[in-house]
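Engineer: Questions regarding the structure given below will be posed in turn.
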Amino acid sequence: MSDLPTLEDVARLSKTSRSTVSRVINNEDGVKDETRERVMAAIRQLNYQPNRNARAMATGQNHCIGVIVPRTITQVHSDPFFAPVMDSISRVAHEAGYSVMLWIIESASETSWLDQHLSQTRQIDGVVMIPSLNSERLFRSFERYDLPCITIGRFARQQENFVDIDNFGAALTAVNHLIELNYRRVAILTGRPESNSGHDRLLGYKEALQRAGLPIDPDLIVDGEFEENVAYEMTPGLIDVGCDAIFAMNDSMAIGALHAIQELGKRVPEDIAIVGFDDVPRASAIKPTLTTIRQPLYKFGEFSSKLLLNRLQTEPHSDDEFLKRPYVLLPTELVVRESCGFALRHGIMPNDSPQRA
């Protein structure tokens with residue numbers, strides 16, 4: 001036999017026909033259990049690897065999913081949100097026998113190219129995508145040529161095929177926590193308010209102020225673009241207008257604000273309190289440690305890829321009823337650490353587990 005075993009080699013060793021081997025490989029019906037076991041034993045003995053192109057032609061699937069991230073390469077590498085999400089997507093896909101192809105698209109022209117490329121080649125079976133303002137047209141075009149897509153987060157008015165959190169409720173919880181600690185000039189570092197998550201978190205911030213009878217001061221609302229360096233640059237302006245606390249829409253911005261405050265000779269939380277969003281590893285490593293809303297970052301990748309696999313396979317990838325819904329909303333938690341001033345106000349840190357947001 002040759003160094004690279006063929007379908008005929010498997011058929012010869014298992015004493016079956018080529019078509020029978022093909023049916024076993026593609027998990028089709030009509031093969032006796034004894035015969036199927038004999039073919040599988042031959043495949044293992046020969047270390048036979050099915051030809052991906054031939055299998056795709058036979059089954060209509062490439063066993064490859066795409067991940068589309070409409071961000072710059074710098075953002076993907078610097079934002080700690082992406083690493084656990086990508087890790088969990090890859091793990092679930094590989095366990096199910098799927099490879100993963102990543103596209104980082106930075107411009108409208110790249111988005112148009114990818115749309116045309118995927119519509120013509122169909123080299124992937126489905127997509128996991130992180131939404132952005134410029135990627136909604138791409139998402140809608142997938143619907144036109146029947147390419148399944150699950151989003152992490154969602155577009156406005158999107159009713160299904162997403163994994164997300166209650167961004168409004170989580171932001172409400174974070175700002176309520178600061179108000180309960182008697183902060184009255186709570187600023188917010190937003191992250192692209194035109195995005196669905198940014199929009200909902202801003203609404204949660206405003207709702208918390210309104211419920212407490214506090215004014216909504218436009219001077220306390222600053223766009224940090226989800227970027228640590230931008231938040232660092234914008235924070236001195238918030239100090240100038242007299243904020244006593246900052247809610248940042250992600251931990252990267254919270255850390256940028258913390259560094260700016262410290263470099264100006266002020267203390268966190270004694271002079272200005274901070275609450276972040278995400279609970280990335282740095283949140284518990286910096287000093288003071290960061291109070292934050294914990295998002296289940298690994299779960300985003302895990303559930304988005306499982307939802308997609310369920311859409312792709314005739315037999316569901318999982319029997320979990322959770323994954324048979326049209327979308328998944330994951331829980332968040334308020335993790336109280338040092339930066340919010342809880343210990344400063346009460347003399348002790350809370351002993352209970354993180355509070356569900």
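Residues in the structure tokens are named by chain (A, B, ... in the order shown) and by number from 1 within that chain; ligands are numbered from 1 in the order shown.
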Compile the contact shell of range 127-129 of chain A as a PyMOL selection string: residues with an atom at most 6 Å away, counting only C-alpha atoms, same-chain residues fewer than 6 positions apart removed.
Structural biologist: chain A and resi 65-68+149-151
Engineer: Tell me which protein, DNA and RNA residues are within 10 Å of Glu180 in chain A, counting only C-alpha atoms, leaving out same-chain ones fewer than 5 positions away, and put them as a ChimeraX atom specification.
Structural biologist: /A:175,212,342
Engineer: Convert the current residue selection to file output with C-alpha atoms, as a PDB file, in the first residue's frame.
Structural biologist:
```
ATOM      1  CA  VAL A 175     -23.906  52.264  38.508  1.00  0.00           C
ATOM      2  CA  ALA A 212     -31.658  57.883  42.210  1.00  0.00           C
ATOM      3  CA  PHE A 342     -16.667  49.373  49.322  1.00  0.00           C
TER       4      PHE A 342
END
```
Engineer: Using only C-alpha atoms, which residues sit within 9 Å of Ser119 in chain A once same-chain residues fewer than 4 positions away are excluded, as a ChimeraX atom specification?
Structural biologist: /A:114-115,141-142,145,147
Engineer: Just the selected residues (N, CA and C atoms), exported as a PDB file, in the first residue's frame, please.
Structural biologist:
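The resulting file, part.pdb, is shown below:
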```pdb
ATOM      1  N   LEU A 114     -15.068  40.207   1.346  1.00  0.00           N
ATOM      2  CA  LEU A 114     -15.381  38.971   2.054  1.00  0.00           C
ATOM      3  C   LEU A 114     -16.778  38.481   1.701  1.00  0.00           C
ATOM      4  N   ASP A 115     -17.712  39.407   1.575  1.00  0.00           N
ATOM      5  CA  ASP A 115     -19.075  39.045   1.184  1.00  0.00           C
ATOM      6  C   ASP A 115     -19.078  38.332  -0.169  1.00  0.00           C
ATOM      7  N   SER A 141     -26.480  39.820   4.350  1.00  0.00           N
ATOM      8  CA  SER A 141     -26.213  39.129   3.083  1.00  0.00           C
ATOM      9  C   SER A 141     -26.070  37.624   3.309  1.00  0.00           C
ATOM     10  N   PHE A 142     -25.580  37.223   4.480  1.00  0.00           N
ATOM     11  CA  PHE A 142     -25.510  35.791   4.782  1.00  0.00           C
ATOM     12  C   PHE A 142     -26.897  35.162   4.732  1.00  0.00           C
ATOM     13  N   TYR A 145     -27.893  34.251   1.022  1.00  0.00           N
ATOM     14  CA  TYR A 145     -27.384  33.025   0.407  1.00  0.00           C
ATOM     15  C   TYR A 145     -27.258  31.885   1.414  1.00  0.00           C
ATOM     16  N   LEU A 147     -26.203  31.235   4.496  1.00  0.00           N
ATOM     17  CA  LEU A 147     -25.015  30.855   5.256  1.00  0.00           C
ATOM     18  C   LEU A 147     -25.325  31.095   6.732  1.00  0.00           C
TER      19      LEU A 147
END
```
Engineer: Mind dumping a table of every range 137-198 of chain A residue within 9 Å of range 213-222 of chain A, with the nearest atom pair and its distance in Å to one decimal, using only C-alpha atoms, sorted by chain and rising number, as a Markdown table?
Structural biologist:
```
| residue | atom | partner | partner_atom | distance |
| --- | --- | --- | --- | --- |
| A:Arg184 | CA | A:Leu214 | CA | 7.2 |
| A:Arg185 | CA | A:Leu220 | CA | 7.8 |
| A:Val186 | CA | A:Leu220 | CA | 7.1 |
| A:Ala187 | CA | A:Leu220 | CA | 4.4 |
| A:Ile188 | CA | A:Ile221 | CA | 5.1 |
| A:Leu189 | CA | A:Val222 | CA | 5.1 |
| A:Thr190 | CA | A:Val222 | CA | 6.0 |
| A:Gly191 | CA | A:Val222 | CA | 8.9 |
```
Engineer: Keeping only C-alpha atoms, take the residues you just selected and write them out as a compact mmCIF listing (two decimals), in the first residue's frame.
Structural biologist:
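Contents of part_38.txt, freshly written:
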```
# COMPACT_ATOMS: atom_id res chain seq x y z
CA ARG A 184 -23.08 61.48 43.24
CA ARG A 185 -20.96 62.58 40.27
CA VAL A 186 -20.68 59.29 38.41
CA ALA A 187 -19.04 59.59 34.99
CA ILE A 188 -19.09 57.03 32.21
CA LEU A 189 -16.47 56.06 29.64
CA THR A 190 -18.52 54.74 26.75
CA GLY A 191 -17.44 52.42 23.98
```
Engineer: Can you pull out every residue within 10 Å of Glu338 in chain A, counting only C-alpha atoms, but drop anything in the same chain fewer than 5 positions away, and send it as an MDAnalysis selection string?
Structural biologist: chainID A and resid 268:269 273:275 284 287:291 343:344 349
Engineer: Would you please extract all helix (DSSP H, G or I) residues from range 20-131 of chain A, as assigned by DSSP on the backbone, and give them as an MDAnalysis selection string?
Structural biologist: chainID A and resid 20:25 33:46 52:59 73:78 82:95 108:121
Engineer: To one decimal place in Å, what is the distance between CA of Ile272 in chain A and CA of Asp223 in chain A?
Structural biologist: 18.6 Å
Engineer: Between CA of Leu172 in chain A and CA of Asp251 in chain A, what is the distance, to one decimal in Å?
Structural biologist: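 We find that CA of Leu172 in chain A and CA of Asp251 in chain A lie 16.5 Å from each other.
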